[in-house]
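Shown next: entry_31.cif, containing mmCIF, C-alpha atoms.
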```cif
data_input
loop_
_atom_site.label_atom_id
_atom_site.label_comp_id
_atom_site.auth_asym_id
_atom_site.auth_seq_id
_atom_site.Cartn_x
_atom_site.Cartn_y
_atom_site.Cartn_z
CA MET A 4 26.40 16.27 -96.11
CA GLN A 5 26.65 13.46 -98.57
CA THR A 6 28.46 10.25 -97.72
CA THR A 7 30.94 9.54 -100.52
CA LEU A 8 31.93 5.96 -99.63
CA ASN A 9 29.51 3.40 -101.05
CA GLY A 10 27.89 0.78 -98.82
CA THR A 11 30.43 -2.00 -99.39
CA VAL A 12 33.46 0.27 -98.90
CA LEU A 13 31.82 1.77 -95.81
CA VAL A 14 31.45 -1.69 -94.28
CA TRP A 15 35.14 -2.44 -94.98
CA VAL A 16 36.24 0.89 -93.49
CA ILE A 17 34.17 0.29 -90.36
CA ALA A 18 35.51 -3.28 -90.08
CA ALA A 19 39.12 -2.07 -90.53
CA CYS A 20 38.65 0.62 -87.88
CA GLY A 21 37.24 -2.05 -85.56
CA LEU A 22 40.20 -4.32 -86.23
CA VAL A 23 42.88 -1.68 -85.57
CA THR A 24 41.10 -0.61 -82.37
CA LEU A 25 40.95 -4.24 -81.20
CA LEU A 26 44.63 -4.78 -81.99
CA ILE A 27 45.62 -1.62 -80.09
CA ARG A 28 43.84 -3.05 -77.06
CA TYR A 29 44.96 -6.66 -77.53
CA LEU A 30 48.62 -6.64 -78.59
CA PRO A 31 49.99 -4.87 -75.46
CA MET A 32 48.14 -7.49 -73.38
CA ARG A 33 49.92 -10.28 -75.26
CA TRP A 34 53.19 -8.42 -74.76
CA ARG A 35 52.56 -8.20 -71.03
CA GLU A 36 51.46 -11.85 -70.84
CA LYS A 37 54.83 -12.89 -72.22
CA GLY A 38 56.43 -11.20 -69.24
CA ASN A 39 58.04 -8.32 -71.11
CA GLY A 40 56.53 -5.56 -68.96
CA ARG A 41 57.73 -6.78 -65.62
CA ALA A 42 61.17 -7.77 -66.83
CA ALA A 43 61.76 -4.43 -68.50
CA GLY A 44 61.26 -1.95 -65.72
CA GLY A 45 60.58 -3.57 -62.34
CA GLY A 46 59.27 -1.10 -59.75
CA ARG A 47 59.32 1.86 -62.12
CA TRP A 48 57.13 -0.02 -64.58
CA ARG A 49 54.63 -1.00 -61.87
CA TYR A 50 54.33 2.58 -60.55
CA ALA A 51 53.93 3.88 -64.10
CA LEU A 52 51.18 1.37 -64.90
CA ASP A 53 49.37 2.16 -61.64
CA ALA A 54 49.38 5.83 -62.64
CA VAL A 55 48.03 5.27 -66.17
CA GLY A 56 44.41 4.95 -65.01
CA PRO A 57 44.16 8.08 -62.83
CA SER A 58 46.24 10.06 -65.37
CA ALA A 59 44.00 8.95 -68.24
CA ILE A 60 40.85 9.90 -66.35
CA MET A 61 42.27 13.31 -65.43
CA ALA A 62 43.30 13.84 -69.06
CA LEU A 63 39.82 12.87 -70.30
CA LEU A 64 38.24 15.18 -67.70
CA VAL A 65 40.41 18.17 -68.68
CA THR A 66 39.72 17.50 -72.38
CA SER A 67 35.95 17.28 -71.75
CA PHE A 68 35.84 20.58 -69.84
CA TRP A 69 38.09 22.21 -72.43
CA SER A 70 35.78 21.30 -75.30
CA MET A 71 32.69 22.37 -73.32
CA ALA A 72 34.24 25.73 -72.47
CA ALA A 73 35.38 26.23 -76.07
CA ALA A 74 31.92 25.54 -77.48
CA ASP A 75 29.97 28.18 -75.55
CA PRO A 76 30.54 31.64 -74.06
CA VAL A 77 32.38 31.52 -70.73
CA ALA A 78 29.48 32.92 -68.67
CA THR A 79 27.06 30.19 -69.74
CA THR A 80 29.63 27.45 -69.25
CA VAL A 81 31.68 28.12 -66.13
CA VAL A 82 28.83 28.47 -63.63
CA PRO A 83 27.01 25.26 -64.70
CA ILE A 84 30.33 23.34 -64.77
CA PHE A 85 31.18 24.59 -61.26
CA VAL A 86 27.72 23.63 -59.98
CA GLY A 87 27.89 20.27 -61.78
CA VAL A 88 31.33 19.49 -60.30
CA SER A 89 29.98 20.39 -56.84
CA GLY A 90 27.02 18.08 -57.49
CA VAL A 91 29.34 15.17 -58.32
CA ILE A 92 31.47 15.73 -55.20
CA LEU A 93 28.39 16.10 -52.99
CA GLY A 94 26.77 13.05 -54.57
CA LYS A 95 29.93 10.98 -54.00
CA ARG A 96 30.01 12.02 -50.35
CA LEU A 97 26.28 11.46 -49.71
CA VAL A 98 25.49 8.45 -51.93
CA GLY A 99 28.95 6.90 -52.29
CA SER A 100 28.36 5.18 -55.62
CA ILE A 101 29.78 6.31 -58.97
CA ALA A 102 26.33 6.18 -60.60
CA GLY A 103 24.79 8.30 -57.82
CA ALA A 104 27.58 10.85 -58.03
CA THR A 105 27.29 11.03 -61.83
CA LEU A 106 23.53 11.48 -61.75
CA SER A 107 23.59 14.15 -59.02
CA GLY A 108 26.26 16.04 -60.97
CA VAL A 109 24.28 15.92 -64.21
CA LEU A 110 21.11 17.02 -62.42
CA ALA A 111 22.94 19.94 -60.76
CA TYR A 112 24.53 20.92 -64.08
CA GLY A 113 21.20 20.79 -65.90
CA LEU A 114 19.47 22.94 -63.29
CA ALA A 115 22.31 25.49 -63.29
CA LEU A 116 22.28 25.58 -67.08
CA TRP A 117 18.53 26.20 -67.08
CA ALA A 118 18.92 28.98 -64.46
CA VAL A 119 21.77 30.68 -66.33
CA THR A 120 19.80 30.55 -69.58
CA ALA A 121 16.66 31.87 -67.87
CA ILE A 122 18.60 34.81 -66.38
CA GLY A 123 19.73 35.59 -69.90
CA PHE A 124 23.54 35.43 -70.06
CA MET B 6 17.48 -9.12 -50.02
CA ARG B 7 19.95 -11.79 -51.16
CA ALA B 8 23.42 -10.57 -52.11
CA VAL B 9 24.33 -11.16 -55.77
CA LYS B 10 26.76 -14.09 -55.86
CA HIS B 11 27.76 -14.48 -59.49
CA PRO B 12 30.68 -12.17 -60.29
CA ALA B 13 29.54 -11.52 -63.89
CA VAL B 14 26.12 -10.37 -62.63
CA ARG B 15 27.80 -8.13 -60.07
CA GLY B 16 29.93 -6.73 -62.88
CA MET B 17 26.84 -6.00 -64.95
CA ILE B 18 25.23 -4.23 -61.98
CA ASP B 19 28.40 -2.20 -61.47
CA SER B 20 28.36 -1.31 -65.17
CA LEU B 21 25.27 0.80 -64.48
CA SER B 22 27.48 3.80 -63.72
CA ILE B 23 29.03 3.48 -67.18
CA ALA B 24 25.72 2.72 -68.88
CA ILE B 25 24.22 5.93 -67.46
CA GLY B 26 27.01 7.82 -69.18
CA TYR B 27 27.09 5.74 -72.36
CA PHE B 28 23.43 5.53 -73.26
CA PRO B 29 22.75 9.23 -73.93
CA VAL B 30 26.13 9.69 -75.66
CA ALA B 31 25.43 6.66 -77.84
CA ILE B 32 22.02 8.12 -78.73
CA SER B 33 23.87 11.31 -79.72
CA PHE B 34 26.21 9.21 -81.88
CA GLY B 35 23.28 7.50 -83.63
CA LEU B 36 21.70 10.92 -84.26
CA ALA B 37 24.97 12.41 -85.50
CA ALA B 38 25.44 9.48 -87.88
CA ILE B 39 22.05 9.79 -89.54
CA SER B 40 22.50 13.58 -89.68
CA ALA B 41 25.68 12.89 -91.69
CA ASP B 42 23.76 10.66 -94.12
CA ILE B 43 25.26 7.48 -92.64
CA PRO B 44 22.62 4.73 -92.82
CA PRO B 45 21.27 3.66 -89.39
CA TRP B 46 22.57 0.09 -89.86
CA ALA B 47 26.09 1.46 -90.48
CA ALA B 48 25.89 3.55 -87.29
CA VAL B 49 24.99 0.44 -85.29
CA LEU B 50 27.70 -1.59 -87.08
CA THR B 51 30.25 1.07 -86.12
CA SER B 52 29.31 0.77 -82.44
CA VAL B 53 29.33 -3.04 -82.65
CA LEU B 54 32.77 -3.28 -84.32
CA VAL B 55 34.71 -0.16 -83.33
CA TYR B 56 33.24 0.52 -79.86
CA ALA B 57 35.39 3.58 -79.11
CA GLY B 58 33.27 6.68 -78.44
CA ALA B 59 35.19 9.74 -79.57
CA SER B 60 36.82 8.06 -82.55
CA GLN B 61 33.41 6.94 -83.80
CA PHE B 62 32.25 10.58 -83.95
CA ILE B 63 35.42 11.42 -85.91
CA LEU B 64 34.90 8.40 -88.18
CA ILE B 65 31.42 9.50 -89.29
CA THR B 66 32.56 13.10 -89.68
CA LEU B 67 35.43 12.02 -91.94
CA VAL B 68 33.27 9.63 -93.96
CA ALA B 69 30.61 12.29 -94.40
CA GLY B 70 33.29 14.81 -95.37
CA GLY B 71 34.56 12.62 -98.20
CA SER B 72 37.85 11.46 -96.66
CA THR B 73 39.61 8.48 -98.18
CA ALA B 74 39.27 5.07 -96.54
CA PHE B 75 42.99 5.07 -95.65
CA SER B 76 42.88 8.44 -93.89
CA VAL B 77 39.77 7.46 -91.90
CA ILE B 78 41.46 4.27 -90.66
CA ALA B 79 44.75 6.08 -89.89
CA ILE B 80 43.03 8.80 -87.84
CA VAL B 81 40.95 6.27 -85.88
CA LEU B 82 44.20 4.39 -85.17
CA LEU B 83 45.89 7.57 -83.92
CA MET B 84 42.91 8.55 -81.77
CA ASN B 85 42.84 5.19 -80.04
CA LEU B 86 46.59 4.92 -79.41
CA ARG B 87 46.02 5.81 -75.77
CA HIS B 88 44.40 2.37 -75.34
CA LEU B 89 47.87 0.82 -75.79
CA PHE B 90 48.52 1.39 -72.11
CA TYR B 91 45.26 0.01 -70.73
CA GLY B 92 45.74 -3.73 -71.29
CA PRO B 93 49.03 -4.15 -69.40
CA ALA B 94 47.70 -2.06 -66.49
CA LEU B 95 44.51 -4.15 -66.36
CA LEU B 96 46.37 -7.48 -66.48
CA GLY B 97 48.36 -6.36 -63.44
CA LYS B 98 45.15 -6.68 -61.45
CA LEU B 99 44.05 -10.04 -62.94
CA PRO B 100 46.29 -12.81 -61.57
CA SER B 101 47.17 -15.27 -64.35
CA ALA B 102 46.40 -18.27 -62.13
CA THR B 103 42.69 -17.34 -62.07
CA ARG B 104 42.38 -16.48 -65.79
CA ARG B 105 39.86 -18.43 -67.92
CA PHE B 106 39.08 -16.08 -70.80
CA PRO B 107 41.53 -15.42 -73.66
CA SER B 108 43.03 -11.93 -73.58
CA LEU B 109 41.28 -11.16 -76.88
CA VAL B 110 37.95 -11.27 -75.02
CA LEU B 111 39.29 -9.09 -72.22
CA ALA B 112 40.70 -6.59 -74.73
CA ALA B 113 37.58 -6.27 -76.91
CA GLY B 114 35.63 -4.05 -74.52
CA LEU B 115 38.50 -2.11 -72.97
CA THR B 116 37.21 1.44 -73.41
CA ASP B 117 38.27 4.49 -71.37
CA GLU B 118 35.37 4.15 -68.97
CA VAL B 119 35.56 0.35 -68.61
CA PHE B 120 39.28 0.66 -67.91
CA ALA B 121 38.81 3.44 -65.37
CA THR B 122 36.02 1.62 -63.55
CA SER B 123 37.99 -1.64 -63.56
CA ILE B 124 41.10 -0.02 -62.14
CA SER B 125 39.09 1.55 -59.33
CA ARG B 126 36.93 -1.47 -58.51
CA LEU B 127 38.85 -4.67 -59.38
CA GLU B 128 40.77 -4.80 -56.13
CA GLN B 129 37.49 -4.73 -54.21
CA GLN B 130 36.54 -8.07 -55.83
CA PRO B 131 37.75 -11.45 -54.52
CA ILE B 132 40.81 -12.48 -56.58
CA ALA B 133 39.16 -15.57 -58.07
CA GLU B 134 36.12 -13.55 -59.17
CA ARG B 135 37.85 -10.54 -60.72
CA GLU B 136 37.85 -11.83 -64.28
CA GLY B 137 34.15 -12.80 -64.19
CA TRP B 138 33.27 -9.41 -62.70
CA TYR B 139 35.27 -7.65 -65.41
CA VAL B 140 33.57 -9.61 -68.22
CA GLY B 141 30.16 -8.68 -66.74
CA LEU B 142 31.22 -5.04 -66.55
CA GLN B 143 32.29 -5.12 -70.20
CA ALA B 144 29.04 -6.78 -71.31
CA GLY B 145 26.88 -4.20 -69.53
CA ALA B 146 28.80 -1.23 -70.92
CA TYR B 147 28.85 -2.69 -74.45
CA SER B 148 25.10 -3.36 -74.39
CA ALA B 149 24.41 0.22 -73.31
CA TRP B 150 26.63 1.63 -76.07
CA VAL B 151 25.23 -0.51 -78.88
CA GLY B 152 21.64 -0.20 -77.59
CA GLY B 153 21.92 3.58 -77.28
CA THR B 154 23.31 3.86 -80.80
CA ALA B 155 20.39 1.82 -82.16
CA VAL B 156 17.87 4.00 -80.31
CA GLY B 157 19.50 7.18 -81.62
CA ALA B 158 19.91 5.93 -85.19
CA PHE B 159 16.48 4.35 -85.61
CA PHE B 160 14.18 6.27 -83.22
CA GLY B 161 15.95 9.37 -81.92
CA HIS B 162 15.41 11.86 -84.68
CA GLY B 163 13.78 15.01 -83.34
CA TRP B 164 14.24 14.32 -79.61
CA MET B 165 17.19 16.53 -79.00
CA GLN B 166 16.34 19.00 -81.72
CA GLY B 167 13.17 19.65 -79.71
CA SER B 168 15.08 20.27 -76.49
CA PRO B 169 18.44 22.06 -76.75
CA TRP B 170 18.56 22.16 -72.93
CA LEU B 171 18.45 18.37 -72.77
CA ALA B 172 21.14 18.07 -75.43
CA GLN B 173 23.41 20.51 -73.54
CA THR B 174 22.75 18.80 -70.20
CA LEU B 175 23.74 15.44 -71.69
CA ASP B 176 27.11 16.99 -72.64
CA PHE B 177 27.97 16.87 -68.93
CA VAL B 178 27.30 13.14 -68.48
CA LEU B 179 30.76 11.88 -69.43
CA PRO B 180 32.71 14.62 -67.56
CA ALA B 181 30.58 13.84 -64.47
CA LEU B 182 31.39 10.14 -64.84
CA PHE B 183 35.13 10.87 -65.23
CA LEU B 184 35.10 13.10 -62.13
CA ALA B 185 33.24 10.47 -60.09
CA LEU B 186 35.80 7.85 -61.16
CA LEU B 187 38.67 10.21 -60.34
CA LEU B 188 37.29 10.74 -56.82
CA GLU B 189 37.20 6.94 -56.44
CA LEU B 190 40.85 6.62 -57.56
CA TRP B 191 42.27 9.70 -55.86
CA SER B 192 44.14 7.78 -53.14
CA ILE B 193 45.86 5.30 -55.51
CA VAL B 194 48.56 7.69 -56.76
CA PRO B 195 50.25 10.79 -55.28
CA GLY B 196 48.50 14.09 -55.98
CA TYR B 197 51.40 15.48 -58.02
CA VAL B 198 50.93 12.67 -60.58
CA VAL B 199 47.31 13.62 -61.26
CA VAL B 200 48.06 17.36 -61.18
CA GLY B 201 50.97 16.79 -63.59
CA ALA B 202 48.69 14.85 -65.93
CA ALA B 203 46.12 17.69 -65.81
CA LEU B 204 48.71 20.37 -66.56
CA ALA B 205 50.27 18.34 -69.38
CA THR B 206 46.84 17.76 -70.92
CA ALA B 207 45.91 21.45 -70.68
CA ALA B 208 49.26 22.44 -72.24
CA GLY B 209 48.84 19.76 -74.89
CA LEU B 210 45.39 21.03 -75.83
CA ALA B 211 46.95 24.34 -76.85
CA VAL B 212 49.06 22.69 -79.55
CA LEU B 213 47.68 19.19 -80.15
CA PRO B 214 44.35 17.62 -81.11
CA PRO B 215 42.43 16.28 -78.05
CA TYR B 216 43.56 12.67 -78.49
CA GLY B 217 47.19 13.84 -78.62
CA ALA B 218 46.73 15.88 -75.44
CA ILE B 219 45.23 12.84 -73.69
CA ILE B 220 48.27 10.73 -74.62
CA ALA B 221 50.55 13.56 -73.38
CA GLY B 222 48.69 13.73 -70.05
CA MET B 223 48.88 9.96 -69.57
CA GLY B 224 52.56 9.92 -70.49
CA VAL B 225 53.49 12.69 -68.05
CA GLY B 226 51.44 11.07 -65.25
CA ALA B 227 53.10 7.69 -65.83
CA ALA B 228 56.56 9.27 -66.08
CA LEU B 229 56.09 11.19 -62.82
CA ALA B 230 54.87 8.04 -61.07
CA SER B 231 57.76 5.94 -62.40
CA ARG B 232 60.23 8.23 -60.58
CA ARG B 233 58.96 6.73 -57.30
CA GLY B 234 60.34 3.33 -58.34
CA ALA B 235 63.69 4.65 -59.52
#
```
Take the structure I supplied and represent it as structure tokens, if you would.
Amino acid sequence: MQTTLNGTVLVWVIAACGLVTLLIRYLPMRWREKGNGRAAGGGRWRYALDAVGPSAIMALLVTSFWSMAAADPVATTVVPIFVGVSGVILGKRLVGSIAGATLSGVLAYGLALWAVTAIGF
Amino acid sequence: MRAVKHPAVRGMIDSLSIAIGYFPVAISFGLAAISADIPPWAAVLTSVLVYAGASQFILITLVAGGSTAFSVIAIVLLMNLRHLFYGPALLGKLPSATRRFPSLVLAAGLTDEVFATSISRLEQQPIAEREGWYVGLQAGAYSAWVGGTAVGAFFGHGWMQGSPWLAQTLDFVLPALFLALLLELWSIVPGYVVVGAALATAAGLAVLPPYGAIIAGMGVGAALASRRGA
């Protein structure tokens, strides 16, 4: 592939993308700081905001698994994902930390992936 | 062993869980950028200025594919729209009486993973130390992302090409991190909210691009939760 934007334009495009991303993160904070959020919806607003985090994580998780499953044949994907998910849950129970759970899940997934590939799916 | 007192240092230590996920993905981003004929310095600049994982991959793909500057910026804007909801939710856990940093600083590093970790961990911090802890968390995650990009862009060529197994295993790092965070947050909201968000995302993926499905999942989860306060 050949990049068509020259160096100067590329820098401006990257800077503009950085600016819009920053504004997306910043402007709602300013809006909330001025008291708009709480005044607008009371308890409903608070419950909705509390749910944004868990809902976003679940959405990111579903999207991640979806793209992994779409990229490879089902047989080589489902078993390692199942083993990896089990590894995360087991790691969370045994180690307790998020880093420990993540690492144990990745290790379990990698081993299952190696085994599935070795068997020859 | 002495307990770590400074909240920013504790935040940086707690950012390790994010850094473990970020570093290999950022290496992949650096590699993908140079594979698309993006100069290594531009790959690092993208991570420094944009700092939004998935949209950075799209950005280099569009640039390499010859898209116009306007369309690249518009698509990055659309992809990151989900971040609109993060700031207000985060501020709800940072009492204004203890705030020292301007909100621009707090907003700069508010990625998916930083937000998720903050939401699950902020309430475990003493109220007066929450902001310092959050800034440390941001700094650690940002360093891992930018550092990983530099490693991938300048030194990584050939690593993953030599080991497809390693490359495929690293694909599971971010899902594993998201699942670990979800387990941490599971008790905060009713189960039907999270299940509703999952179903809405899955349905959305059938008809929308991934970033649209994520916004749909978040919207349905928030809407279901708001019914409790009606």
request  = Taking the file above as input, evaluate the PyMOL selection byres ((chain A and resi 78-85) around 10) and report the hits as a VMD selection string.
outcome  = (chain A and resid 68 71 to 77 86 to 90 108 to 109 111 to 120 123 to 124) or (chain B and resid 174 177 180 to 181)
So which residues fall inside 10 Å of (51.2, -9.0, -63.0) if we count all atoms listed in the file? Mind giving them as a PDB file with C-alpha atoms, in the coordinates of the input?
```pdb
ATOM      1  CA  ARG A  35      52.560  -8.200 -71.030  1.00  0.00           C
ATOM      2  CA  GLU A  36      51.460 -11.850 -70.840  1.00  0.00           C
ATOM      3  CA  GLY A  38      56.430 -11.200 -69.240  1.00  0.00           C
ATOM      4  CA  GLY A  40      56.530  -5.560 -68.960  1.00  0.00           C
ATOM      5  CA  ARG A  41      57.730  -6.780 -65.620  1.00  0.00           C
ATOM      6  CA  ARG A  49      54.630  -1.000 -61.870  1.00  0.00           C
TER       7      ARG A  49
ATOM      8  CA  PRO B  93      49.030  -4.150 -69.400  1.00  0.00           C
ATOM      9  CA  ALA B  94      47.700  -2.060 -66.490  1.00  0.00           C
ATOM     10  CA  LEU B  95      44.510  -4.150 -66.360  1.00  0.00           C
ATOM     11  CA  LEU B  96      46.370  -7.480 -66.480  1.00  0.00           C
ATOM     12  CA  GLY B  97      48.360  -6.360 -63.440  1.00  0.00           C
ATOM     13  CA  LYS B  98      45.150  -6.680 -61.450  1.00  0.00           C
ATOM     14  CA  LEU B  99      44.050 -10.040 -62.940  1.00  0.00           C
ATOM     15  CA  PRO B 100      46.290 -12.810 -61.570  1.00  0.00           C
ATOM     16  CA  SER B 101      47.170 -15.270 -64.350  1.00  0.00           C
TER      17      SER B 101
END
```
Which residues of chain A sit at most 7 Å from chain B, using all atoms listed in the file? Give each one's shortest atom pair and distance in Å (one decimal place), in chain and ascending residue order, as CSV.
```
residue,atom,partner,partner_atom,distance
A:Met4,CA,B:Ala41,CA,5.6
A:Gln5,CA,B:Ala69,CA,5.9
A:Thr6,CA,B:Ala69,CA,4.5
A:Thr7,CA,B:Gly71,CA,5.3
A:Leu8,CA,B:Val68,CA,6.9
A:Val16,CA,B:Ala74,CA,6.0
A:Ile17,CA,B:Thr51,CA,5.8
A:Ala18,CA,B:Leu54,CA,6.4
A:Ala19,CA,B:Ile78,CA,6.8
A:Cys20,CA,B:Ile78,CA,5.4
A:Gly21,CA,B:Val55,CA,3.9
A:Val23,CA,B:Leu82,CA,6.2
A:Thr24,CA,B:Val55,CA,6.5
A:Leu25,CA,B:Ala113,CA,5.8
A:Ile27,CA,B:Leu89,CA,5.4
A:Arg28,CA,B:Ala112,CA,5.3
A:Tyr29,CA,B:Ala112,CA,5.1
A:Pro31,CA,B:Gly92,CA,6.1
A:Met32,CA,B:Gly92,CA,4.9
A:Arg35,CA,B:Pro93,CA,5.6
A:Gly46,CA,B:Gly234,CA,4.8
A:Arg47,CA,B:Gly234,CA,4.2
A:Trp48,CA,B:Ser231,CA,6.4
A:Tyr50,CA,B:Ser231,CA,5.1
A:Ala51,CA,B:Ala227,CA,4.3
A:Leu52,CA,B:Ala94,CA,5.1
A:Asp53,CA,B:Ala94,CA,6.6
A:Ala54,CA,B:Ala227,CA,5.2
A:Val55,CA,B:Ala227,CA,5.6
A:Gly56,CA,B:Ala121,CA,5.8
A:Pro57,CA,B:Leu190,CA,6.4
A:Ser58,CA,B:Met223,CA,5.0
A:Ala59,CA,B:Met223,CA,5.2
A:Ile60,CA,B:Phe183,CA,5.9
A:Met61,CA,B:Ala203,CA,5.8
A:Ala62,CA,B:Ile219,CA,5.1
A:Leu63,CA,B:Ile219,CA,6.4
A:Leu64,CA,B:Pro180,CA,5.6
A:Val65,CA,B:Ala203,CA,6.4
A:Thr66,CA,B:Pro215,CA,6.4
A:Ser67,CA,B:Pro180,CA,5.9
A:Val91,CA,B:Ala185,CA,6.4
A:Lys95,CA,B:Ala185,CA,7.0
A:Ile101,CA,B:Ala185,CA,5.5
A:Ala102,CA,B:Ser22,CA,4.1
A:Ala104,CA,B:Ala185,CA,6.0
A:Thr105,CA,B:Ala181,CA,5.1
A:Gly108,CA,B:Ala181,CA,6.0
A:Val109,CA,B:Val178,CA,5.9
A:Tyr112,CA,B:Thr174,CA,6.7
A:Gly113,CA,B:Thr174,CA,5.0
```
For the residues selected in the previous step, produce a file with C-alpha atoms as an mmCIF file, in the coordinates of the input.
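Resulting contents of result-v9.cif:
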```cif
data_model
loop_
_atom_site.group_PDB
_atom_site.id
_atom_site.type_symbol
_atom_site.label_atom_id
_atom_site.label_comp_id
_atom_site.auth_asym_id
_atom_site.auth_seq_id
_atom_site.Cartn_x
_atom_site.Cartn_y
_atom_site.Cartn_z
ATOM 1 C CA MET A 4 26.400 16.270 -96.110
ATOM 2 C CA GLN A 5 26.650 13.460 -98.570
ATOM 3 C CA THR A 6 28.460 10.250 -97.720
ATOM 4 C CA THR A 7 30.940 9.540 -100.520
ATOM 5 C CA LEU A 8 31.930 5.960 -99.630
ATOM 6 C CA VAL A 16 36.240 0.890 -93.490
ATOM 7 C CA ILE A 17 34.170 0.290 -90.360
ATOM 8 C CA ALA A 18 35.510 -3.280 -90.080
ATOM 9 C CA ALA A 19 39.120 -2.070 -90.530
ATOM 10 C CA CYS A 20 38.650 0.620 -87.880
ATOM 11 C CA GLY A 21 37.240 -2.050 -85.560
ATOM 12 C CA VAL A 23 42.880 -1.680 -85.570
ATOM 13 C CA THR A 24 41.100 -0.610 -82.370
ATOM 14 C CA LEU A 25 40.950 -4.240 -81.200
ATOM 15 C CA ILE A 27 45.620 -1.620 -80.090
ATOM 16 C CA ARG A 28 43.840 -3.050 -77.060
ATOM 17 C CA TYR A 29 44.960 -6.660 -77.530
ATOM 18 C CA PRO A 31 49.990 -4.870 -75.460
ATOM 19 C CA MET A 32 48.140 -7.490 -73.380
ATOM 20 C CA ARG A 35 52.560 -8.200 -71.030
ATOM 21 C CA GLY A 46 59.270 -1.100 -59.750
ATOM 22 C CA ARG A 47 59.320 1.860 -62.120
ATOM 23 C CA TRP A 48 57.130 -0.020 -64.580
ATOM 24 C CA TYR A 50 54.330 2.580 -60.550
ATOM 25 C CA ALA A 51 53.930 3.880 -64.100
ATOM 26 C CA LEU A 52 51.180 1.370 -64.900
ATOM 27 C CA ASP A 53 49.370 2.160 -61.640
ATOM 28 C CA ALA A 54 49.380 5.830 -62.640
ATOM 29 C CA VAL A 55 48.030 5.270 -66.170
ATOM 30 C CA GLY A 56 44.410 4.950 -65.010
ATOM 31 C CA PRO A 57 44.160 8.080 -62.830
ATOM 32 C CA SER A 58 46.240 10.060 -65.370
ATOM 33 C CA ALA A 59 44.000 8.950 -68.240
ATOM 34 C CA ILE A 60 40.850 9.900 -66.350
ATOM 35 C CA MET A 61 42.270 13.310 -65.430
ATOM 36 C CA ALA A 62 43.300 13.840 -69.060
ATOM 37 C CA LEU A 63 39.820 12.870 -70.300
ATOM 38 C CA LEU A 64 38.240 15.180 -67.700
ATOM 39 C CA VAL A 65 40.410 18.170 -68.680
ATOM 40 C CA THR A 66 39.720 17.500 -72.380
ATOM 41 C CA SER A 67 35.950 17.280 -71.750
ATOM 42 C CA VAL A 91 29.340 15.170 -58.320
ATOM 43 C CA LYS A 95 29.930 10.980 -54.000
ATOM 44 C CA ILE A 101 29.780 6.310 -58.970
ATOM 45 C CA ALA A 102 26.330 6.180 -60.600
ATOM 46 C CA ALA A 104 27.580 10.850 -58.030
ATOM 47 C CA THR A 105 27.290 11.030 -61.830
ATOM 48 C CA GLY A 108 26.260 16.040 -60.970
ATOM 49 C CA VAL A 109 24.280 15.920 -64.210
ATOM 50 C CA TYR A 112 24.530 20.920 -64.080
ATOM 51 C CA GLY A 113 21.200 20.790 -65.900
#
```
ask   = From the set B:Phe160, B:Thr154, B:Ala38, B:Val119, which residue has the shortest atom-to-atom contact distance to Tyr139 in chain B, counting all atoms listed in the file?
value =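 Nearest candidate to Tyr139 in chain B out of B:Phe160, B:Thr154, B:Ala38, B:Val119: B:Val119.
Take CA of Tyr147 in chain B and CA of Tyr27 in chain B: the distance between them is 8.9 Å.
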Could you give me, as a compact mmCIF listing (two decimals) with C-alpha atoms, keeping the file's coordinate frame, the residues that have an atom at most 12 Å away from the point (17.1, 5.5, -81.0) in the coordinates of the file, using all atoms listed in the file?
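What ended up in selection30.txt:
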```
# COMPACT_ATOMS: atom_id res chain seq x y z
CA PHE B 28 23.43 5.53 -73.26
CA PRO B 29 22.75 9.23 -73.93
CA VAL B 30 26.13 9.69 -75.66
CA ALA B 31 25.43 6.66 -77.84
CA ILE B 32 22.02 8.12 -78.73
CA SER B 33 23.87 11.31 -79.72
CA PHE B 34 26.21 9.21 -81.88
CA GLY B 35 23.28 7.50 -83.63
CA LEU B 36 21.70 10.92 -84.26
CA ALA B 37 24.97 12.41 -85.50
CA ALA B 38 25.44 9.48 -87.88
CA ILE B 39 22.05 9.79 -89.54
CA PRO B 45 21.27 3.66 -89.39
CA TRP B 46 22.57 0.09 -89.86
CA ALA B 48 25.89 3.55 -87.29
CA VAL B 49 24.99 0.44 -85.29
CA ALA B 149 24.41 0.22 -73.31
CA TRP B 150 26.63 1.63 -76.07
CA VAL B 151 25.23 -0.51 -78.88
CA GLY B 152 21.64 -0.20 -77.59
CA GLY B 153 21.92 3.58 -77.28
CA THR B 154 23.31 3.86 -80.80
CA ALA B 155 20.39 1.82 -82.16
CA VAL B 156 17.87 4.00 -80.31
CA GLY B 157 19.50 7.18 -81.62
CA ALA B 158 19.91 5.93 -85.19
CA PHE B 159 16.48 4.35 -85.61
CA PHE B 160 14.18 6.27 -83.22
CA GLY B 161 15.95 9.37 -81.92
CA HIS B 162 15.41 11.86 -84.68
CA GLY B 163 13.78 15.01 -83.34
CA TRP B 164 14.24 14.32 -79.61
CA MET B 165 17.19 16.53 -79.00
```
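Excluding Thr103 in chain B and any residue on its chain fewer than 3 positions from it, the residues at most 9 Å away by all atoms listed in the file are Leu99, Pro100, Ile132, Ala133, Glu134, Arg135 and Glu136 of chain B.
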task = Report the distance between CA of Ala59 in chain B and CA of Ser148 in chain B in Å, rounded to one decimal place.
result = 17.3 Å
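From CA of Ile122 in chain A back to CA of Leu106 in chain A, the distance works out to 24.3 Å.
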